[in-house]
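The block underneath contains the structure these notes are about, expressed in structure tokens.
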Amino acid sequence: MSEFIQLVVAGLTTGSFYALVALGYTMVYGIVRLINFAHGDIFMVGAFIGWTVLTAVAASHMPWGIGLLLALILAMLLTGGIGVVIERFAYQPLLSAPPLSILITALGVSIALENGVLLIFGAGFNTYPHLIGSEGFMLGGAHITNIQVGIIVLSFLLMGGLYLFVHHTFIGTAMRALAVDRDAARLMGINVERVIQITFFLGSSLAAVAGVMEGLYYTEINFFMGFVVGLRAFTAAVLGGIGNIPGAMAGGLLIGLLEAFSAGYISSRWTDVIVFLVLIGTLVIKPTGLFGERVVERM
Amino acid sequence: MTLLNVEGLQVGYGKVEVLHGIGLTVGTGEIVALLGSNGAGKTTTLRTLSGLEPARGGKVMLDGQAITNLPAHKIAALGLAHVPERRRLFAPLTVEENLKLGGYLIRNQQAELKRRIDAMYVLFPRLLERRLQLAGTLSGGEQQMVAIARALILQPKLLVLDEPSMGLAPLVVRSIFAIIKRLRDQGMGILLVEQNARQTLKIADRAYVLENGGIMLEGDAATLAQDRRVQAAYLGGAAAA
């Protein structure tokens, strides 16, 4: 039982990373039908911005709580900004081009981001300052760390906030409208380009939070870290039904749990095999993903 | 007073030119019909007016202001509302959300927006019953009401409708046309694209006939209804009912 609880908490923790990153994939796909292959690297960039801020904080006399908040906020704003710039210069000119062009551009952006970080920060591992120790508490015989709790709570708050934003604000409603019919949205007076930029900003800043949290949790980051997380988060988005926001959240948490259980009860070497088998299984049985559904338009 | 003035409008897709320099006008308080067979360029004309397709030549003036090739959201802000072919509702959103999006540009004036949405529920009482239902689950007639209501929220000067009668029962078409007439009587300019020429010529004040990307005929609706060429092409024996 204690092992089970341990695995659930570990799974929810990593699942939170995947869920936050998966949201970016799914929102962008929902709106511009682009699989943003650079999104995993956006997550990585967020981790490095957070690292830069936290390293400066650790060297100063700032209380760690404020420093952490500062790191999260700066990482969100700057990474969100980078997402907007990428959209503006790399994707926007290609929005009406054949889909393959924009897909290849996304791969190019991914390579550019990885190599940019490689140039600035080097190829080795950068260690996050130990601001939060591994203290924790016992729950049903399992040792839960404070940072795990913090990650899970913050992720759920962000996901809840995003859900409210998308369903209860005008911009959020415009995002959903845009996902259904871009031309009709234009006719409503919606500045479609602006809403797309906001979407990239939100997706990128959520990924940045995940990046900072991953840095705090695993303590080491590296320019290549976005690849694996990006792939699993993408899997999570597809599993939940790409384009579907609650689906990406559930998909991310599910992949995290799956990963923890397969590592705990079978072997961590089988993790990817199991994760992708579940993906393939889902796609065979329910190609639209767990939450995806088609809305029939009546004539 | 002239509300919409189109001169020498040229539009094309790729190497194919679809509209070869057409001209038309719509005044305040009049219904102008744009007739023509499938593929004549009617929908392209409307999409270009509202900024969804770029014009290659010519100019479009709305209420004295050039709107040629402005982005669609700016044209909407200037007072041209377009009810597109097949209605194009946001099907997974509720009726009320669809109407709210119609008022996207006045989203910061919450009280005013609510007042205007309530006015739409008065104009289309059926929509009040359905307000929390997903738009995609409504009947065709109700969907057309949402599409029109959504376009009216911004209180446009010119309302452009692309085949509002498509796929609707005759009774529903009649009530939709009655609302269009009422809007005209309130001073709105209306440009109406229809395949259903007989019924359209009955409510229109003037009409243009578009063939192969050019205006072939124009004139009073009543005169055109008597025109032998129009009768042969659009009001033919088979269509008489």
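Identifiers for the structure tokens are assigned positionally: chains receive A, B, ... in sequence, residues are indexed from 1 per chain, and ligands are indexed from 1 in the order shown.
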
Interface rows for chain A against chain B: nearest pair, Å to one decimal, 10 Å, only C-alpha atoms, as CSV:
```
residue,atom,partner,partner_atom,distance
A:His167,CA,B:Glu97,CA,9.8
A:His168,CA,B:Glu97,CA,9.9
A:Thr169,CA,B:Arg107,CA,9.8
A:Phe170,CA,B:Arg107,CA,7.1
A:Ile171,CA,B:Tyr104,CA,8.8
A:Thr173,CA,B:Glu97,CA,7.4
A:Ala174,CA,B:Leu101,CA,6.9
A:Arg176,CA,B:Leu93,CA,8.0
A:Ala177,CA,B:Phe90,CA,5.8
A:Leu178,CA,B:Phe90,CA,8.6
A:Ala179,CA,B:Phe90,CA,9.1
A:Val180,CA,B:Phe90,CA,6.1
A:Asp181,CA,B:Phe90,CA,6.9
A:Arg182,CA,B:Arg88,CA,9.9
A:Asp183,CA,B:Leu52,CA,6.9
A:Ala184,CA,B:Arg88,CA,6.2
A:Ala185,CA,B:Leu101,CA,8.1
A:Arg186,CA,B:His73,CA,5.3
A:Leu187,CA,B:Ala72,CA,6.1
A:Met188,CA,B:Gly102,CA,5.1
A:Gly189,CA,B:His73,CA,3.8
A:Ile190,CA,B:His73,CA,5.5
A:Asn191,CA,B:His73,CA,5.8
A:Val192,CA,B:His73,CA,8.2
A:Arg294,CA,B:Pro92,CA,9.4
A:Val295,CA,B:Pro92,CA,6.6
A:Val296,CA,B:Gly136,CA,6.9
A:Glu297,CA,B:Gly136,CA,5.5
A:Arg298,CA,B:Gly136,CA,6.4
A:Met299,CA,B:Gly140,CA,6.0
```

Write out as a short mmCIF file (atom, residue, chain, number, x, y, z; two decimals) with N, CA and C atoms, in the first residue's frame which residues come within 6 Å of Phe43 of chain A when counting only C-alpha atoms, dropping same-chain ones fewer than 6 positions away.
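The result, written out as around.cif:
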```
data_model
loop_
_atom_site.label_atom_id
_atom_site.label_comp_id
_atom_site.auth_asym_id
_atom_site.auth_seq_id
_atom_site.Cartn_x
_atom_site.Cartn_y
_atom_site.Cartn_z
N ALA A 207 4.21 25.81 -20.25
CA ALA A 207 5.36 24.91 -20.43
C ALA A 207 6.54 25.41 -19.59
N ALA A 208 6.68 26.73 -19.49
CA ALA A 208 7.79 27.29 -18.70
C ALA A 208 7.65 26.91 -17.23
N GLY A 211 8.79 23.54 -16.89
CA GLY A 211 10.26 23.48 -16.99
C GLY A 211 10.92 23.83 -15.67
#
```

Could you build a table of the residues in segment 101-176 of chain B lying no more than 12 Å from segment 36-42 of chain B, giving for each the nearest pair of atoms and their separation in Å rounded to one decimal place, using only C-alpha atoms, ordered by chain and ascending residue number, as CSV?
```
residue,atom,partner,partner_atom,distance
B:Val160,CA,B:Lys42,CA,11.4
B:Leu161,CA,B:Lys42,CA,10.7
B:Asp162,CA,B:Lys42,CA,8.3
B:Glu163,CA,B:Lys42,CA,9.8
```

Could those residues be written to a file, using N, CA, C and O atoms, as a short mmCIF file (atom, residue, chain, number, x, y, z; two decimals), in the first residue's frame?
```
data_model
loop_
_atom_site.label_atom_id
_atom_site.label_comp_id
_atom_site.auth_asym_id
_atom_site.auth_seq_id
_atom_site.Cartn_x
_atom_site.Cartn_y
_atom_site.Cartn_z
N VAL B 160 -25.19 41.56 -44.95
CA VAL B 160 -24.96 40.78 -46.15
C VAL B 160 -25.33 39.33 -45.83
O VAL B 160 -24.81 38.77 -44.86
N LEU B 161 -26.26 38.76 -46.59
CA LEU B 161 -26.72 37.40 -46.28
C LEU B 161 -26.47 36.46 -47.45
O LEU B 161 -26.86 36.76 -48.58
N ASP B 162 -25.83 35.34 -47.18
CA ASP B 162 -25.54 34.38 -48.24
C ASP B 162 -26.46 33.17 -48.12
O ASP B 162 -26.29 32.34 -47.23
N GLU B 163 -27.44 33.11 -48.98
CA GLU B 163 -28.41 32.02 -49.03
C GLU B 163 -29.03 31.67 -47.69
O GLU B 163 -28.90 30.54 -47.21
#
```

What parts of segment 3-223 of chain B does DSSP call alpha helix (DSSP H)? I'd like the answer as a ChimeraX atom specification. /B:42-49,72-77,95-102,110-123,125-129,140-152,170-185,197-203,221-223

For Met138 of chain A: contacts at 12 Å, only C-alpha atoms, fewer than 5 positions along chain excluded, given as an NGL selection string: :A and (2-3 or 5-6 or 9 or 143-146)

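Taking only C-alpha atoms into account, Ile190 of chain B lies nearest to B:Ala33 out of the set B:Ala33, B:Ala149, B:Met1, B:Ala207.
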
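Residues in contact with Thr288 of chain A at 8 Å, where only C-alpha atoms are counted and same-chain residues fewer than 6 positions away are skipped, are listed as Val238, Gly241 and Ile242 of chain A.
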
Selection above as a file: N, CA, C and O atoms, as a short mmCIF file (atom, residue, chain, number, x, y, z; two decimals), in the first residue's frame:
```cif
data_model
loop_
_atom_site.label_atom_id
_atom_site.label_comp_id
_atom_site.auth_asym_id
_atom_site.auth_seq_id
_atom_site.Cartn_x
_atom_site.Cartn_y
_atom_site.Cartn_z
N VAL A 238 -2.48 13.57 -27.47
CA VAL A 238 -3.19 12.69 -28.41
C VAL A 238 -4.08 11.71 -27.64
O VAL A 238 -5.22 11.44 -28.03
N GLY A 241 -7.13 13.32 -26.64
CA GLY A 241 -7.93 13.83 -27.75
C GLY A 241 -7.37 15.19 -28.13
O GLY A 241 -7.68 16.18 -27.46
N ILE A 242 -6.55 15.25 -29.16
CA ILE A 242 -5.83 16.49 -29.43
C ILE A 242 -6.80 17.62 -29.78
O ILE A 242 -7.76 17.42 -30.50
#
```

Every residue of segment 110-201 of chain B that DSSP places in strand (DSSP E or B), as a ChimeraX atom specification: /B:134,158-162,189-193

Please write the residues from the selection above to a file, keeping N, CA, C and O atoms, as a compact mmCIF listing (two decimals), in the first residue's frame.
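So again_21.txt came out as:
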```txt
# COMPACT_ATOMS: atom_id res chain seq x y z
N LEU B 134 -26.33 23.74 -27.18
CA LEU B 134 -25.22 23.89 -28.13
C LEU B 134 -25.80 24.22 -29.51
O LEU B 134 -26.78 23.62 -29.94
N LEU B 158 -24.87 47.69 -42.84
CA LEU B 158 -25.15 46.83 -44.00
C LEU B 158 -25.11 45.37 -43.55
O LEU B 158 -24.16 44.93 -42.90
N LEU B 159 -26.18 44.66 -43.90
CA LEU B 159 -26.24 43.23 -43.58
C LEU B 159 -26.15 42.45 -44.89
O LEU B 159 -26.92 42.69 -45.81
N VAL B 160 -25.19 41.56 -44.95
CA VAL B 160 -24.96 40.78 -46.15
C VAL B 160 -25.33 39.33 -45.83
O VAL B 160 -24.81 38.77 -44.86
N LEU B 161 -26.26 38.76 -46.59
CA LEU B 161 -26.72 37.40 -46.28
C LEU B 161 -26.47 36.46 -47.45
O LEU B 161 -26.86 36.76 -48.58
N ASP B 162 -25.83 35.34 -47.18
CA ASP B 162 -25.54 34.38 -48.24
C ASP B 162 -26.46 33.17 -48.12
O ASP B 162 -26.29 32.34 -47.23
N GLY B 189 -29.26 48.60 -44.74
CA GLY B 189 -29.05 48.18 -46.12
C GLY B 189 -28.85 46.67 -46.13
O GLY B 189 -28.20 46.13 -45.24
N ILE B 190 -29.45 46.00 -47.13
CA ILE B 190 -29.34 44.54 -47.14
C ILE B 190 -28.94 44.05 -48.52
O ILE B 190 -29.54 44.43 -49.53
N LEU B 191 -27.91 43.24 -48.54
CA LEU B 191 -27.47 42.60 -49.78
C LEU B 191 -27.72 41.12 -49.61
O LEU B 191 -27.18 40.48 -48.70
N LEU B 192 -28.57 40.58 -50.47
CA LEU B 192 -29.07 39.23 -50.29
C LEU B 192 -28.69 38.35 -51.48
O LEU B 192 -29.07 38.63 -52.61
N VAL B 193 -27.92 37.32 -51.21
CA VAL B 193 -27.59 36.36 -52.25
C VAL B 193 -28.55 35.19 -52.12
O VAL B 193 -28.76 34.70 -51.02
```

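Interatomic distance, atom CA of Val32 of chain B against atom CA of Lys59 of chain B: 18.8 Å.
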
Give the answer as one residue: which of A:Met44, A:Leu239, A:Val28, A:Ala56 has the shortest atom-to-atom distance to Ser110 of chain A, using only C-alpha atoms? A:Met44

Excluding Met159 of chain A and any residue of its chain fewer than 3 positions from it, enumerate the residues within 12 Å of it, using only C-alpha atoms, and give them as a ChimeraX atom specification. /A:16-24,152-156,162-166,202-203,206-207,209-210,245-250,252-253

Contact residues around segment 120-122 of chain B with only C-alpha atoms at 10 Å, ignoring same-chain residues under 4 positions, as a PDB file with N, CA, C and O atoms, in the first residue's frame:
```pdb
ATOM      1  N   GLU B  96     -26.063  31.206 -26.558  1.00  0.00           N
ATOM      2  CA  GLU B  96     -25.696  32.469 -25.926  1.00  0.00           C
ATOM      3  C   GLU B  96     -24.234  32.839 -26.201  1.00  0.00           C
ATOM      4  O   GLU B  96     -23.913  34.000 -26.449  1.00  0.00           O
ATOM      5  N   LEU B  99     -23.989  34.298 -29.586  1.00  0.00           N
ATOM      6  CA  LEU B  99     -24.456  35.688 -29.627  1.00  0.00           C
ATOM      7  C   LEU B  99     -23.435  36.625 -28.996  1.00  0.00           C
ATOM      8  O   LEU B  99     -23.185  37.727 -29.491  1.00  0.00           O
ATOM      9  N   LYS B 114     -25.422  42.963 -23.023  1.00  0.00           N
ATOM     10  CA  LYS B 114     -26.518  42.150 -22.495  1.00  0.00           C
ATOM     11  C   LYS B 114     -27.857  42.670 -23.023  1.00  0.00           C
ATOM     12  O   LYS B 114     -28.729  41.892 -23.404  1.00  0.00           O
ATOM     13  N   ARG B 115     -27.980  44.002 -23.067  1.00  0.00           N
ATOM     14  CA  ARG B 115     -29.207  44.604 -23.571  1.00  0.00           C
ATOM     15  C   ARG B 115     -29.457  44.192 -25.033  1.00  0.00           C
ATOM     16  O   ARG B 115     -30.564  43.852 -25.421  1.00  0.00           O
ATOM     17  N   ARG B 116     -28.379  44.205 -25.814  1.00  0.00           N
ATOM     18  CA  ARG B 116     -28.541  43.856 -27.238  1.00  0.00           C
ATOM     19  C   ARG B 116     -28.854  42.373 -27.427  1.00  0.00           C
ATOM     20  O   ARG B 116     -29.626  42.003 -28.309  1.00  0.00           O
ATOM     21  N   ARG B 126     -37.665  32.008 -29.961  1.00  0.00           N
ATOM     22  CA  ARG B 126     -37.237  30.610 -29.931  1.00  0.00           C
ATOM     23  C   ARG B 126     -35.830  30.461 -29.357  1.00  0.00           C
ATOM     24  O   ARG B 126     -35.507  29.479 -28.689  1.00  0.00           O
ATOM     25  N   LEU B 127     -35.002  31.461 -29.624  1.00  0.00           N
ATOM     26  CA  LEU B 127     -33.611  31.365 -29.174  1.00  0.00           C
ATOM     27  C   LEU B 127     -33.497  31.507 -27.668  1.00  0.00           C
ATOM     28  O   LEU B 127     -32.556  31.003 -27.062  1.00  0.00           O
ATOM     29  N   LEU B 128     -34.457  32.191 -27.063  1.00  0.00           N
ATOM     30  CA  LEU B 128     -34.420  32.339 -25.608  1.00  0.00           C
ATOM     31  C   LEU B 128     -34.583  30.975 -24.944  1.00  0.00           C
ATOM     32  O   LEU B 128     -33.881  30.646 -23.988  1.00  0.00           O
ATOM     33  N   GLU B 129     -35.501  30.160 -25.504  1.00  0.00           N
ATOM     34  CA  GLU B 129     -35.685  28.811 -24.959  1.00  0.00           C
ATOM     35  C   GLU B 129     -34.428  27.973 -25.134  1.00  0.00           C
ATOM     36  O   GLU B 129     -34.143  27.083 -24.353  1.00  0.00           O
ATOM     37  N   ARG B 130     -33.697  28.261 -26.194  1.00  0.00           N
ATOM     38  CA  ARG B 130     -32.550  27.414 -26.544  1.00  0.00           C
ATOM     39  C   ARG B 130     -31.214  28.006 -26.095  1.00  0.00           C
ATOM     40  O   ARG B 130     -30.173  27.511 -26.488  1.00  0.00           O
ATOM     41  N   ARG B 131     -31.247  29.054 -25.295  1.00  0.00           N
ATOM     42  CA  ARG B 131     -30.018  29.834 -25.111  1.00  0.00           C
ATOM     43  C   ARG B 131     -28.833  29.047 -24.556  1.00  0.00           C
ATOM     44  O   ARG B 131     -27.697  29.334 -24.884  1.00  0.00           O
ATOM     45  N   MET B 145     -31.528  31.537 -37.455  1.00  0.00           N
ATOM     46  CA  MET B 145     -31.866  32.657 -36.569  1.00  0.00           C
ATOM     47  C   MET B 145     -30.650  33.076 -35.755  1.00  0.00           C
ATOM     48  O   MET B 145     -30.387  34.268 -35.593  1.00  0.00           O
ATOM     49  N   VAL B 146     -29.904  32.092 -35.242  1.00  0.00           N
ATOM     50  CA  VAL B 146     -28.697  32.420 -34.468  1.00  0.00           C
ATOM     51  C   VAL B 146     -27.721  33.172 -35.359  1.00  0.00           C
ATOM     52  O   VAL B 146     -27.135  34.183 -34.956  1.00  0.00           O
ATOM     53  N   ILE B 148     -28.261  35.027 -37.941  1.00  0.00           N
ATOM     54  CA  ILE B 148     -28.693  36.404 -38.201  1.00  0.00           C
ATOM     55  C   ILE B 148     -28.569  37.240 -36.932  1.00  0.00           C
ATOM     56  O   ILE B 148     -28.036  38.355 -36.939  1.00  0.00           O
ATOM     57  N   ALA B 149     -29.039  36.690 -35.815  1.00  0.00           N
ATOM     58  CA  ALA B 149     -28.977  37.421 -34.549  1.00  0.00           C
ATOM     59  C   ALA B 149     -27.534  37.790 -34.211  1.00  0.00           C
ATOM     60  O   ALA B 149     -27.228  38.914 -33.818  1.00  0.00           O
ATOM     61  N   ARG B 150     -26.641  36.836 -34.415  1.00  0.00           N
ATOM     62  CA  ARG B 150     -25.225  37.039 -34.124  1.00  0.00           C
ATOM     63  C   ARG B 150     -24.668  38.193 -34.955  1.00  0.00           C
ATOM     64  O   ARG B 150     -23.820  38.961 -34.494  1.00  0.00           O
ATOM     65  N   LEU B 152     -26.421  40.704 -36.018  1.00  0.00           N
ATOM     66  CA  LEU B 152     -27.100  41.968 -35.735  1.00  0.00           C
ATOM     67  C   LEU B 152     -26.626  42.635 -34.454  1.00  0.00           C
ATOM     68  O   LEU B 152     -26.919  43.804 -34.213  1.00  0.00           O
ATOM     69  N   ILE B 153     -25.910  41.889 -33.615  1.00  0.00           N
ATOM     70  CA  ILE B 153     -25.519  42.418 -32.300  1.00  0.00           C
ATOM     71  C   ILE B 153     -24.746  43.733 -32.431  1.00  0.00           C
ATOM     72  O   ILE B 153     -24.910  44.645 -31.633  1.00  0.00           O
TER      73      ILE B 153
END
```

12 Å contact set for Ile120 of chain A, only C-alpha atoms, chain neighbours under 5 positions out, as an NGL selection string: :A and (45 or 48-49 or 52 or 113-115 or 126 or 222-223)

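Taking atom CA of Phe234 of chain A and atom CA of Leu103 of chain A as the two end points, the separation is 14.4 Å.
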
Find the residue from A:Phe276, A:Asn244, A:Thr235, A:Leu7 that sits nearest to Gly264 of chain A; use only C-alpha atoms when measuring. A:Leu7
